[in-house]
Amino acid sequence: MSILAFILIVVSLLSFVVAQLILKRAMEISATNGLRNSRFISLALIGVALMTVSFFLTLGLLQRFDLSYLYPFQGLSVIFIAVTAAIVLKEKLSLRLIAGTVLISAGVVLVSMS
Amino acid sequence: MTTEGTQKMRDQPRGFGNPWLQLGLSVACVLVSEFLLKRGATEIAEPDSAFSWTGINGLESPLVWWAILLIVASFISWLYVLRYVPLTVAYPLSRVVDVLVPLGCWMFLGEFISPLRWCGIALVIIGLALVAKPVAQIEERL
């Protein structure tokens, strides 16, 4: 794997994780302030833009690598999202959730490696 | 699950608006779109073109457009889910798709699953059960 491919995988993963956090925040705002709130609209647009970047980068990577090769990186997104949601959005991350998240990530990696 | 989380779950709409049903729909759309994307991307692959790193040339394939349609549908369902369910619970549960893809290939396409892959599937299922159990207990109480 070239350095360019590694950078693109990391950028794709990071943009996906940040997009999920922003969209969650946007939907929380929409629940209290409605769908016409300007803060909701701007956050939702940023989230969608980041998801689009992640989507096209993944599509470009899929043309060069097997789905099974790229899947372990998607597995890592489970841990990244759970941890960042706990830190940034102050969501409660119990021991059970941490254990479940780690098992899911490990399982995804195993499924794609074999 | 916190008291606030329990209260949010109590306020959840029922029927088609139920966020857990929407999570299932979102997963189903992602599942089909993954297969369509891979087939579409392979069909129009141009590894020698530097431009193809952006993935934009994938739009030449009709399968990619069908996949995009499903992704948009799944995205709308997902946004709805995020309104009611914490990200720390919803996102790990959405990874059930990682079990459904190989299981679908095994059941419907007769593909071989290695022992290591079965172990991976088992780990994901145990992880999903750990994440989902407190949610299921609250649902039962409501």
# chains A, B, ... in the order shown; residues from 1 in each chain; ligands from 1

$ interface_residues --of "chain A" --to "chain B" --cutoff "9 Å" --atoms "only C-alpha atoms" --output "ChimeraX atom specification"
/A:5,8,20-21,23-31,55-64,66-67,71,75,78-79,81-83,85-86,89,91-94,96-114

$ closest_residue --among "A:Phe16, A:Thr32, A:Ile9, A:Leu95" --to "Tyr69 (chain A)" --atoms "only C-alpha atoms"
A:Ile9

$ closest_residue --among "B:Val135, B:Pro13, B:Cys105, B:Leu23" --to "Ala73 (chain B)" --atoms "only C-alpha atoms"
B:Leu23

$ atom_distance --atom1 "CA of Val101 (chain B)" --atom2 "CA of Asn18 (chain B)"
24.4 Å

$ atom_distance --atom1 "CA of Ala44 (chain A)" --atom2 "CA of Leu70 (chain A)"
26.7 Å

$ decode --residues "region 17-135 of chain B" --atoms "C-alpha atoms" --output "short mmCIF file (atom, residue, chain, number, x, y, z; two decimals), in the first residue's frame"
data_model
loop_
_atom_site.label_atom_id
_atom_site.label_comp_id
_atom_site.auth_asym_id
_atom_site.auth_seq_id
_atom_site.Cartn_x
_atom_site.Cartn_y
_atom_site.Cartn_z
CA GLY B 17 -41.56 5.94 13.18
CA ASN B 18 -39.95 3.62 15.70
CA PRO B 19 -36.21 4.43 15.65
CA TRP B 20 -35.23 0.74 16.03
CA LEU B 21 -37.27 -0.14 12.93
CA GLN B 22 -35.61 2.76 11.11
CA LEU B 23 -32.20 1.46 12.24
CA GLY B 24 -33.09 -1.92 10.68
CA LEU B 25 -34.14 -0.22 7.43
CA SER B 26 -30.94 1.80 7.39
CA VAL B 27 -28.86 -1.38 7.85
CA ALA B 28 -30.77 -3.19 5.06
CA CYS B 29 -30.14 -0.31 2.62
CA VAL B 30 -26.43 -0.22 3.52
CA LEU B 31 -26.18 -4.00 3.05
CA VAL B 32 -27.50 -3.91 -0.53
CA SER B 33 -25.58 -0.73 -1.41
CA GLU B 34 -22.23 -2.31 -0.36
CA PHE B 35 -22.67 -5.08 -2.97
CA LEU B 36 -23.82 -2.61 -5.65
CA LEU B 37 -20.89 -0.25 -4.98
CA LYS B 38 -18.29 -2.99 -5.17
CA ARG B 39 -19.75 -4.35 -8.44
CA GLY B 40 -20.15 -0.87 -9.90
CA ALA B 41 -16.63 0.24 -8.88
CA THR B 42 -15.09 -2.94 -10.33
CA GLU B 43 -17.00 -2.52 -13.61
CA ILE B 44 -15.55 0.89 -14.39
CA ALA B 45 -12.16 0.52 -12.66
CA GLU B 46 -9.35 2.52 -14.34
CA PRO B 47 -6.33 1.86 -12.10
CA ASP B 48 -3.96 3.74 -14.43
CA SER B 49 -5.89 6.99 -14.23
CA ALA B 50 -4.74 9.34 -11.44
CA PHE B 51 -8.21 10.98 -11.48
CA SER B 52 -9.84 7.68 -10.48
CA TRP B 53 -8.41 8.06 -6.93
CA THR B 54 -11.20 10.57 -6.33
CA GLY B 55 -13.80 7.87 -7.13
CA ILE B 56 -15.84 10.36 -9.17
CA ASN B 57 -15.48 8.24 -12.33
CA GLY B 58 -17.56 5.62 -10.42
CA LEU B 59 -20.60 7.71 -11.38
CA GLU B 60 -20.36 6.21 -14.88
CA SER B 61 -21.83 2.97 -13.53
CA PRO B 62 -25.64 2.68 -13.15
CA LEU B 63 -25.08 0.29 -10.24
CA VAL B 64 -23.27 3.07 -8.37
CA TRP B 65 -26.31 5.34 -8.90
CA TRP B 66 -28.62 2.66 -7.47
CA ALA B 67 -26.24 2.35 -4.54
CA ILE B 68 -26.30 6.13 -4.05
CA LEU B 69 -30.12 6.03 -3.98
CA LEU B 70 -30.02 3.37 -1.26
CA ILE B 71 -27.35 5.29 0.65
CA VAL B 72 -29.54 8.42 0.62
CA ALA B 73 -32.50 6.35 1.92
CA SER B 74 -30.30 4.80 4.61
CA PHE B 75 -28.93 8.25 5.50
CA ILE B 76 -32.42 9.69 6.05
CA SER B 77 -33.32 6.72 8.30
CA TRP B 78 -29.99 7.14 10.11
CA LEU B 79 -30.60 10.84 10.82
CA TYR B 80 -33.98 9.90 12.27
CA VAL B 81 -32.31 7.26 14.47
CA LEU B 82 -29.77 9.83 15.72
CA ARG B 83 -32.59 12.03 16.93
CA TYR B 84 -33.65 9.40 19.47
CA VAL B 85 -30.73 7.03 20.12
CA PRO B 86 -27.25 7.87 21.53
CA LEU B 87 -24.44 7.56 18.97
CA THR B 88 -22.50 5.25 21.33
CA VAL B 89 -25.39 2.74 21.07
CA ALA B 90 -26.72 3.33 17.54
CA TYR B 91 -23.42 3.16 15.64
CA PRO B 92 -22.09 -0.12 17.13
CA LEU B 93 -25.55 -1.70 16.55
CA SER B 94 -25.51 -0.54 12.92
CA ARG B 95 -22.37 -2.67 12.40
CA VAL B 96 -24.63 -5.76 12.39
CA VAL B 97 -24.14 -5.28 8.65
CA ASP B 98 -20.61 -6.71 9.08
CA VAL B 99 -22.19 -10.02 10.12
CA LEU B 100 -25.00 -9.93 7.59
CA VAL B 101 -22.70 -9.53 4.55
CA PRO B 102 -20.65 -12.75 5.07
CA LEU B 103 -23.69 -14.66 6.38
CA GLY B 104 -25.68 -13.58 3.31
CA CYS B 105 -22.86 -14.75 1.02
CA TRP B 106 -22.74 -18.09 2.88
CA MET B 107 -26.49 -18.72 2.90
CA PHE B 108 -27.50 -17.42 -0.53
CA LEU B 109 -24.33 -17.70 -2.61
CA GLY B 110 -22.92 -20.85 -1.00
CA GLU B 111 -19.58 -19.15 -0.29
CA PHE B 112 -17.13 -20.76 2.13
CA ILE B 113 -16.59 -19.14 5.54
CA SER B 114 -13.24 -19.97 7.17
CA PRO B 115 -13.02 -20.84 10.91
CA LEU B 116 -11.30 -17.47 11.55
CA ARG B 117 -14.18 -15.66 9.88
CA TRP B 118 -16.71 -17.63 12.00
CA CYS B 119 -14.76 -16.46 15.08
CA GLY B 120 -15.04 -12.87 13.84
CA ILE B 121 -18.79 -13.26 13.26
CA ALA B 122 -19.17 -14.71 16.78
CA LEU B 123 -17.25 -11.78 18.31
CA VAL B 124 -19.43 -9.23 16.50
CA ILE B 125 -22.61 -11.03 17.64
CA ILE B 126 -21.43 -11.10 21.29
CA GLY B 127 -20.48 -7.42 21.03
CA LEU B 128 -23.88 -6.56 19.56
CA ALA B 129 -25.63 -8.48 22.35
CA LEU B 130 -23.63 -6.57 24.99
CA VAL B 131 -24.57 -3.22 23.44
CA ALA B 132 -28.22 -4.14 22.77
CA LYS B 133 -29.12 -5.87 26.05
CA PRO B 134 -29.67 -2.75 28.21
CA VAL B 135 -31.74 -1.22 25.40
#
